[in-house]
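Enquirer: Below is start_39.cif; it holds mmCIF, C-alpha atoms.
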data_model
#
loop_
_atom_site.group_PDB
_atom_site.id
_atom_site.type_symbol
_atom_site.label_atom_id
_atom_site.label_comp_id
_atom_site.auth_asym_id
_atom_site.auth_seq_id
_atom_site.Cartn_x
_atom_site.Cartn_y
_atom_site.Cartn_z
ATOM 1 C CA MET A 376 2.487 12.493 -46.905
ATOM 2 C CA ILE A 377 1.964 9.190 -45.069
ATOM 3 C CA ASN A 378 5.705 8.479 -45.260
ATOM 4 C CA ILE A 379 6.439 11.794 -43.558
ATOM 5 C CA LEU A 380 3.960 10.976 -40.774
ATOM 6 C CA VAL A 381 5.455 7.506 -40.296
ATOM 7 C CA ILE A 382 8.996 8.909 -40.184
ATOM 8 C CA GLY A 383 7.885 11.616 -37.716
ATOM 9 C CA LEU A 384 6.142 9.058 -35.527
ATOM 10 C CA LYS A 385 9.215 6.781 -35.523
ATOM 11 C CA TRP A 386 11.395 9.755 -34.632
ATOM 12 C CA LEU A 387 9.050 10.764 -31.792
ATOM 13 C CA LEU A 388 8.909 7.184 -30.455
ATOM 14 C CA GLY A 389 12.708 7.011 -30.604
ATOM 15 C CA ILE A 390 13.020 10.180 -28.514
ATOM 16 C CA LEU A 391 10.439 8.864 -26.049
ATOM 17 C CA ALA A 392 12.250 5.521 -25.762
ATOM 18 C CA ALA A 393 15.573 7.330 -25.192
ATOM 19 C CA ALA A 394 13.989 9.477 -22.454
ATOM 20 C CA VAL A 395 12.519 6.410 -20.729
ATOM 21 C CA LEU A 396 15.886 4.636 -20.952
ATOM 22 C CA ALA A 397 17.687 7.685 -19.527
ATOM 23 C CA LEU A 398 15.194 7.870 -16.648
ATOM 24 C CA ALA A 399 15.644 4.137 -15.949
ATOM 25 C CA ILE A 400 19.441 4.572 -15.853
ATOM 26 C CA VAL A 401 19.168 7.554 -13.478
ATOM 27 C CA MET A 402 16.789 5.569 -11.236
ATOM 28 C CA ALA A 403 19.194 2.628 -11.205
ATOM 29 C CA ILE A 404 22.112 4.856 -10.235
ATOM 30 C CA ILE A 405 20.581 7.140 -7.588
ATOM 31 C CA GLY A 406 17.470 5.175 -6.611
ATOM 32 C CA ARG A 407 13.803 5.674 -7.418
ATOM 33 C CA GLU A 408 12.994 7.910 -4.460
ATOM 34 C CA ASN A 409 16.007 10.178 -5.039
ATOM 35 C CA THR A 410 15.107 10.484 -8.719
ATOM 36 C CA TRP A 411 11.826 12.262 -7.858
ATOM 37 C CA ALA A 412 13.658 14.646 -5.533
ATOM 38 C CA VAL A 413 16.169 15.469 -8.289
ATOM 39 C CA LEU A 414 13.449 15.955 -10.915
ATOM 40 C CA PHE A 415 10.789 17.722 -8.839
ATOM 41 C CA GLY A 416 12.540 18.921 -5.674
ATOM 42 C CA ALA A 417 12.835 17.410 -2.220
ATOM 43 C CA PRO A 418 9.695 16.979 -0.097
ATOM 44 C CA PRO A 419 9.094 20.181 1.889
ATOM 45 C CA LEU A 420 10.028 20.500 5.531
ATOM 46 C CA GLU A 421 6.729 21.425 7.148
ATOM 47 C CA ARG A 422 5.887 21.983 10.771
ATOM 48 C CA ILE A 423 2.210 21.087 11.003
ATOM 49 C CA ASP A 424 -0.061 22.758 13.532
ATOM 50 C CA PHE A 425 -3.435 21.073 13.237
ATOM 51 C CA ALA A 426 -5.253 24.068 14.783
ATOM 52 C CA THR A 427 -4.086 26.439 12.036
ATOM 53 C CA LEU A 428 -3.877 23.995 9.128
ATOM 54 C CA GLU A 429 -5.005 25.702 5.922
ATOM 55 C CA PRO A 430 -6.908 24.004 3.075
ATOM 56 C CA ARG A 431 -4.810 22.719 0.170
ATOM 57 C CA ASP A 432 -5.415 23.688 -3.428
ATOM 58 C CA LYS A 433 -4.994 20.071 -4.597
ATOM 59 C CA PRO A 434 -7.144 17.039 -3.712
ATOM 60 C CA ASN A 435 -4.152 14.865 -2.799
ATOM 61 C CA SER A 436 -4.418 14.726 0.979
ATOM 62 C CA PHE A 437 -6.521 13.252 3.770
ATOM 63 C CA LEU A 438 -7.115 14.758 7.204
ATOM 64 C CA LEU A 439 -8.339 12.778 10.212
ATOM 65 C CA CYS A 440 -9.022 15.195 13.050
ATOM 66 C CA PRO A 441 -10.992 15.303 16.297
ATOM 67 C CA GLU A 442 -13.866 17.757 16.595
ATOM 68 C CA GLY A 443 -12.669 21.203 17.662
ATOM 69 C CA LEU A 444 -8.986 20.839 16.757
ATOM 70 C CA CYS A 445 -8.769 21.649 13.041
ATOM 71 C CA GLU A 446 -10.405 25.065 13.092
ATOM 72 C CA LYS A 447 -9.347 26.477 9.716
ATOM 73 C CA ARG A 448 -9.779 23.400 7.582
ATOM 74 C CA ALA A 449 -12.640 20.963 7.227
ATOM 75 C CA PHE A 450 -11.442 17.474 8.054
ATOM 76 C CA ASP A 451 -12.202 14.441 5.903
ATOM 77 C CA ARG A 452 -13.052 12.150 8.808
ATOM 78 C CA GLU A 453 -13.513 12.664 12.539
ATOM 79 C CA SER A 454 -11.058 10.921 14.844
ATOM 80 C CA PRO A 455 -12.336 8.335 17.301
ATOM 81 C CA ARG A 456 -11.950 8.913 21.039
ATOM 82 C CA TYR A 457 -10.536 6.260 23.355
ATOM 83 C CA GLU A 458 -11.045 5.615 27.052
ATOM 84 C CA ILE A 459 -7.296 5.539 27.716
ATOM 85 C CA PRO A 460 -4.820 8.357 28.392
ATOM 86 C CA ALA A 461 -2.648 9.717 25.603
ATOM 87 C CA THR A 462 0.449 8.156 27.166
ATOM 88 C CA GLN A 463 -1.102 4.715 26.538
ATOM 89 C CA LEU A 464 -2.490 5.547 23.101
ATOM 90 C CA ALA A 465 0.760 7.054 21.748
ATOM 91 C CA PRO A 466 2.825 3.827 21.681
ATOM 92 C CA ILE A 467 -0.063 1.941 20.059
ATOM 93 C CA VAL A 468 -0.396 4.558 17.313
ATOM 94 C CA ARG A 469 3.364 4.742 16.705
ATOM 95 C CA ARG A 470 3.761 0.950 16.592
ATOM 96 C CA ILE A 471 1.009 0.596 13.974
ATOM 97 C CA VAL A 472 2.194 3.505 11.821
ATOM 98 C CA GLU A 473 5.855 2.480 11.944
ATOM 99 C CA ALA A 474 5.071 -1.184 11.175
ATOM 100 C CA THR A 475 3.521 -0.196 7.834
ATOM 101 C CA GLU A 476 5.541 -1.184 4.777
ATOM 102 C CA GLY A 477 7.135 1.843 3.114
ATOM 103 C CA VAL A 478 6.662 4.151 6.125
ATOM 104 C CA ARG A 479 9.662 5.543 7.968
ATOM 105 C CA PRO A 480 10.204 8.394 10.430
ATOM 106 C CA ASP A 481 10.927 11.698 8.747
ATOM 107 C CA ASP A 482 13.921 12.721 10.796
ATOM 108 C CA ARG A 483 15.043 15.542 8.542
ATOM 109 C CA GLU A 484 15.971 18.671 10.458
ATOM 110 C CA ARG A 485 13.108 21.147 10.498
ATOM 111 C CA PRO A 486 13.472 24.907 10.820
ATOM 112 C CA ALA A 487 13.366 26.182 14.391
ATOM 113 C CA LEU A 488 9.816 27.468 14.244
ATOM 114 C CA ALA A 489 7.692 27.922 17.317
ATOM 115 C CA GLN A 490 4.924 25.373 17.095
ATOM 116 C CA ALA A 491 1.678 26.797 18.390
ATOM 117 C CA SER A 492 -0.021 24.514 20.862
ATOM 118 C CA ASP A 493 -3.592 23.356 20.408
ATOM 119 C CA SER A 494 -4.479 24.097 24.030
ATOM 120 C CA GLU A 495 -2.891 25.307 27.246
ATOM 121 C CA ALA A 496 -2.824 21.714 28.514
ATOM 122 C CA ALA A 497 -0.848 20.611 25.466
ATOM 123 C CA ALA A 498 1.594 23.485 26.049
ATOM 124 C CA ALA A 499 2.328 22.184 29.544
ATOM 125 C CA GLU A 500 3.580 18.818 28.249
ATOM 126 C CA PRO A 501 5.740 17.840 25.265
ATOM 127 C CA ALA A 502 3.730 17.428 22.076
ATOM 128 C CA MET A 503 3.191 13.847 21.023
ATOM 129 C CA GLN A 504 3.578 14.585 17.334
ATOM 130 C CA TRP A 505 5.662 12.715 14.758
ATOM 131 C CA ASN A 506 6.413 13.087 11.063
ATOM 132 C CA TYR A 507 6.753 10.229 8.584
ATOM 133 C CA ILE A 508 7.520 9.671 4.920
ATOM 134 C CA ALA A 509 5.602 6.920 3.152
ATOM 135 C CA THR A 510 6.631 5.746 -0.299
ATOM 136 C CA THR A 511 4.644 3.796 -2.855
ATOM 137 C CA ARG A 512 5.783 0.237 -3.427
ATOM 138 C CA HIS A 513 7.071 0.353 -7.003
ATOM 139 C CA LEU A 514 7.775 3.926 -8.053
ATOM 140 C CA LYS A 515 8.618 5.242 -4.561
ATOM 141 C CA PHE A 516 6.519 8.412 -4.802
ATOM 142 C CA PRO A 517 6.643 10.066 -1.353
ATOM 143 C CA ASP A 518 3.753 11.086 0.886
ATOM 144 C CA LEU A 519 4.270 13.159 4.030
ATOM 145 C CA ILE A 520 2.360 12.128 7.147
ATOM 146 C CA THR A 521 2.001 13.941 10.452
ATOM 147 C CA VAL A 522 0.540 12.094 13.445
ATOM 148 C CA ARG A 523 -0.431 13.710 16.730
ATOM 149 C CA VAL A 524 -1.815 11.995 19.842
ATOM 150 C CA ILE A 525 -3.935 14.291 21.990
ATOM 151 C CA GLU A 526 -5.073 14.110 25.609
ATOM 152 C CA SER A 527 -8.801 14.898 25.535
ATOM 153 C CA GLY A 528 -9.521 15.023 29.262
ATOM 154 C CA GLU A 529 -10.778 12.695 31.977
ATOM 155 C CA GLY A 530 -8.438 9.871 31.000
ATOM 156 C CA THR A 531 -9.488 9.874 27.329
ATOM 157 C CA SER A 532 -7.422 10.543 24.242
ATOM 158 C CA THR A 533 -7.629 10.815 20.488
ATOM 159 C CA PHE A 534 -5.319 11.500 17.584
ATOM 160 C CA ALA A 535 -5.029 13.470 14.354
ATOM 161 C CA ILE A 536 -3.357 12.276 11.153
ATOM 162 C CA TYR A 537 -2.609 14.382 8.101
ATOM 163 C CA GLY A 538 -1.355 12.507 5.024
ATOM 164 C CA ARG A 539 -0.521 14.342 1.805
ATOM 165 C CA ALA A 540 1.123 13.524 -1.491
ATOM 166 C CA VAL A 541 4.241 15.498 -2.349
ATOM 167 C CA TYR A 542 3.941 15.356 -6.137
ATOM 168 C CA GLY A 543 0.953 15.396 -8.438
ATOM 169 C CA ARG A 544 -2.549 16.718 -8.229
ATOM 170 C CA LYS A 545 -4.276 13.539 -6.978
ATOM 171 C CA ASP A 546 -3.258 10.662 -4.752
ATOM 172 C CA PHE A 547 -6.016 8.262 -5.918
ATOM 173 C CA GLY A 548 -7.166 7.643 -2.337
ATOM 174 C CA VAL A 549 -3.811 6.323 -1.120
ATOM 175 C CA ASN A 550 -3.689 8.533 1.989
ATOM 176 C CA GLN A 551 -7.349 7.915 2.812
ATOM 177 C CA ASN A 552 -6.944 4.132 2.530
ATOM 178 C CA ARG A 553 -3.711 4.115 4.560
ATOM 179 C CA ILE A 554 -5.234 6.198 7.360
ATOM 180 C CA ALA A 555 -8.453 4.138 7.395
ATOM 181 C CA ALA A 556 -6.383 0.950 7.793
ATOM 182 C CA TRP A 557 -4.457 2.552 10.672
ATOM 183 C CA VAL A 558 -7.663 3.620 12.451
ATOM 184 C CA GLU A 559 -9.016 0.087 12.174
ATOM 185 C CA ALA A 560 -5.770 -1.432 13.492
ATOM 186 C CA ILE A 561 -5.593 1.109 16.339
ATOM 187 C CA GLU A 562 -9.176 0.344 17.379
ATOM 188 C CA ILE A 563 -8.410 -3.371 17.474
ATOM 189 C CA SER A 564 -5.208 -2.822 19.478
ATOM 190 C CA VAL A 565 -6.929 -0.530 21.981
ATOM 191 C CA ALA A 566 -9.795 -3.024 22.420
ATOM 192 C CA ASN A 567 -7.307 -5.865 22.968
ATOM 193 C CA ALA A 568 -5.280 -3.790 25.444
ATOM 194 C CA ASP A 569 -8.248 -3.534 27.854
#
Turn this file's structure into structure tokens for me.

Expert:
Amino acid sequence: MINILVIGLKWLLGILAAAVLALAIVMAIIGRENTWAVLFGAPPLERIDFATLEPRDKPNSFLLCPEGLCEKRAFDRESPRYEIPATQLAPIVRRIVEATEGVRPDDRERPALAQASDSEAAAAEPAMQWNYIATTRHLKFPDLITVRVIESGEGTSTFAIYGRAVYGRKDFGVNQNRIAAWVEAIEISVANAD
């Protein structure tokens, strides 16, 4: 009986080792990030409207939003407000986000959907909203990130950031930590710009 269990265990470990080796070969040939897209599907092409953003069924996202913008979904943290116009805040936010290791603009073509504006004022000017893909350092799991800079009146501005994991049920706080680091860096840059 023990011999049968040992033989079965060796057989199972052999299959597991072969599967790991096959995955390593595929990753070496097509790249780590492309491997996840082949195995689990490409990251979705989403057009995010913060005003109508619905809750997710998985706890693998983080939403930073100013009061009054995200009406359908409770945000995880409220966005700070700055005493500078959105046209000054936008380049600061973009520079910090785009300087982060593993983050790149998501320039994939999105469907031609009408994006609802968050206010009539926002409809009068082009939306300052950008999409990014962030990948983890070693395994290259992708997260999708949407950043929007918002004019909040009287020469003040704020921003919203929505980071979410593409695969898996949890993100182990990766999006929360990334966004918190960005907020801190943005606050320092805005204070130094005065």

Enquirer: Written as a PyMOL selection string, what is the full residue list that the PyMOL selection byres ((chain A and resi 466-473) around 12) yields on the file shown?

Expert: chain A and resi 457+459-465+474-481+503-509+520-525+532-536+538+553-568

Enquirer: Could you tell me which of A:Asp424, A:Ala392, A:Leu398, A:Ala403 comes closest to Cys445 in chain A if we count only C-alpha atoms?

Expert: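 That would be A:Asp424, the residue with the smallest distance to Cys445 in chain A.
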
Enquirer: For the provided coordinates, the residues matched by the PyMOL selection byres ((chain A and resi 429) around 10) should be stated as a CSV table (one decimal) with C-alpha atoms, keeping the file's coordinate frame.

Expert:
chain,number,residue,atom,x,y,z
A,423,ILE,CA,2.2,21.1,11.0
A,424,ASP,CA,-0.1,22.8,13.5
A,425,PHE,CA,-3.4,21.1,13.2
A,426,ALA,CA,-5.3,24.1,14.8
A,427,THR,CA,-4.1,26.4,12.0
A,428,LEU,CA,-3.9,24.0,9.1
A,430,PRO,CA,-6.9,24.0,3.1
A,431,ARG,CA,-4.8,22.7,0.2
A,432,ASP,CA,-5.4,23.7,-3.4
A,445,CYS,CA,-8.8,21.6,13.0
A,446,GLU,CA,-10.4,25.1,13.1
A,447,LYS,CA,-9.3,26.5,9.7
A,448,ARG,CA,-9.8,23.4,7.6
A,449,ALA,CA,-12.6,21.0,7.2

Enquirer: For Asp482 in chain A, which residue among A:Leu438, A:Leu444, A:Val549, A:Leu420 is the nearest when counting all atoms listed in the file?

Expert: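 Comparing A:Leu438, A:Leu444, A:Val549, A:Leu420 against Asp482 in chain A, the winner is A:Leu420.
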
Enquirer: Between CA of Arg539 in chain A and CA of Trp411 in chain A, what is the distance in Å, rounded to a tenth?

Expert: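 Distance reported for this atom pair: 15.8 Å.
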
Enquirer: Tell me, in Å to one decimal, how far CA of Ser527 in chain A is from CA of Ser454 in chain A.

Expert: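 Atom-to-atom, CA of Ser527 in chain A to CA of Ser454 in chain A, that is 11.6 Å.
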
Enquirer: So what do you get for CA of Phe415 in chain A versus CA of Leu384 in chain A, distance-wise?

Expert: 28.4 Å

Enquirer: Around (-15.9, 6.0, 28.4) in the file's frame, which residues reach within 10 Å when counting only C-alpha atoms? Return as a PyMOL selection string?

Expert: chain A and resi 456-459+529-531

Enquirer: How big is the axis-aligned box around all listed atoms of range 389-392 of chain A once 8 Å goes on each side, and where's its centre, in Å to one decimal, as JSON?

Expert:
{"center_x": 11.7, "center_y": 7.9, "center_z": -28.2, "size_x": 18.6, "size_y": 20.7, "size_z": 20.8}
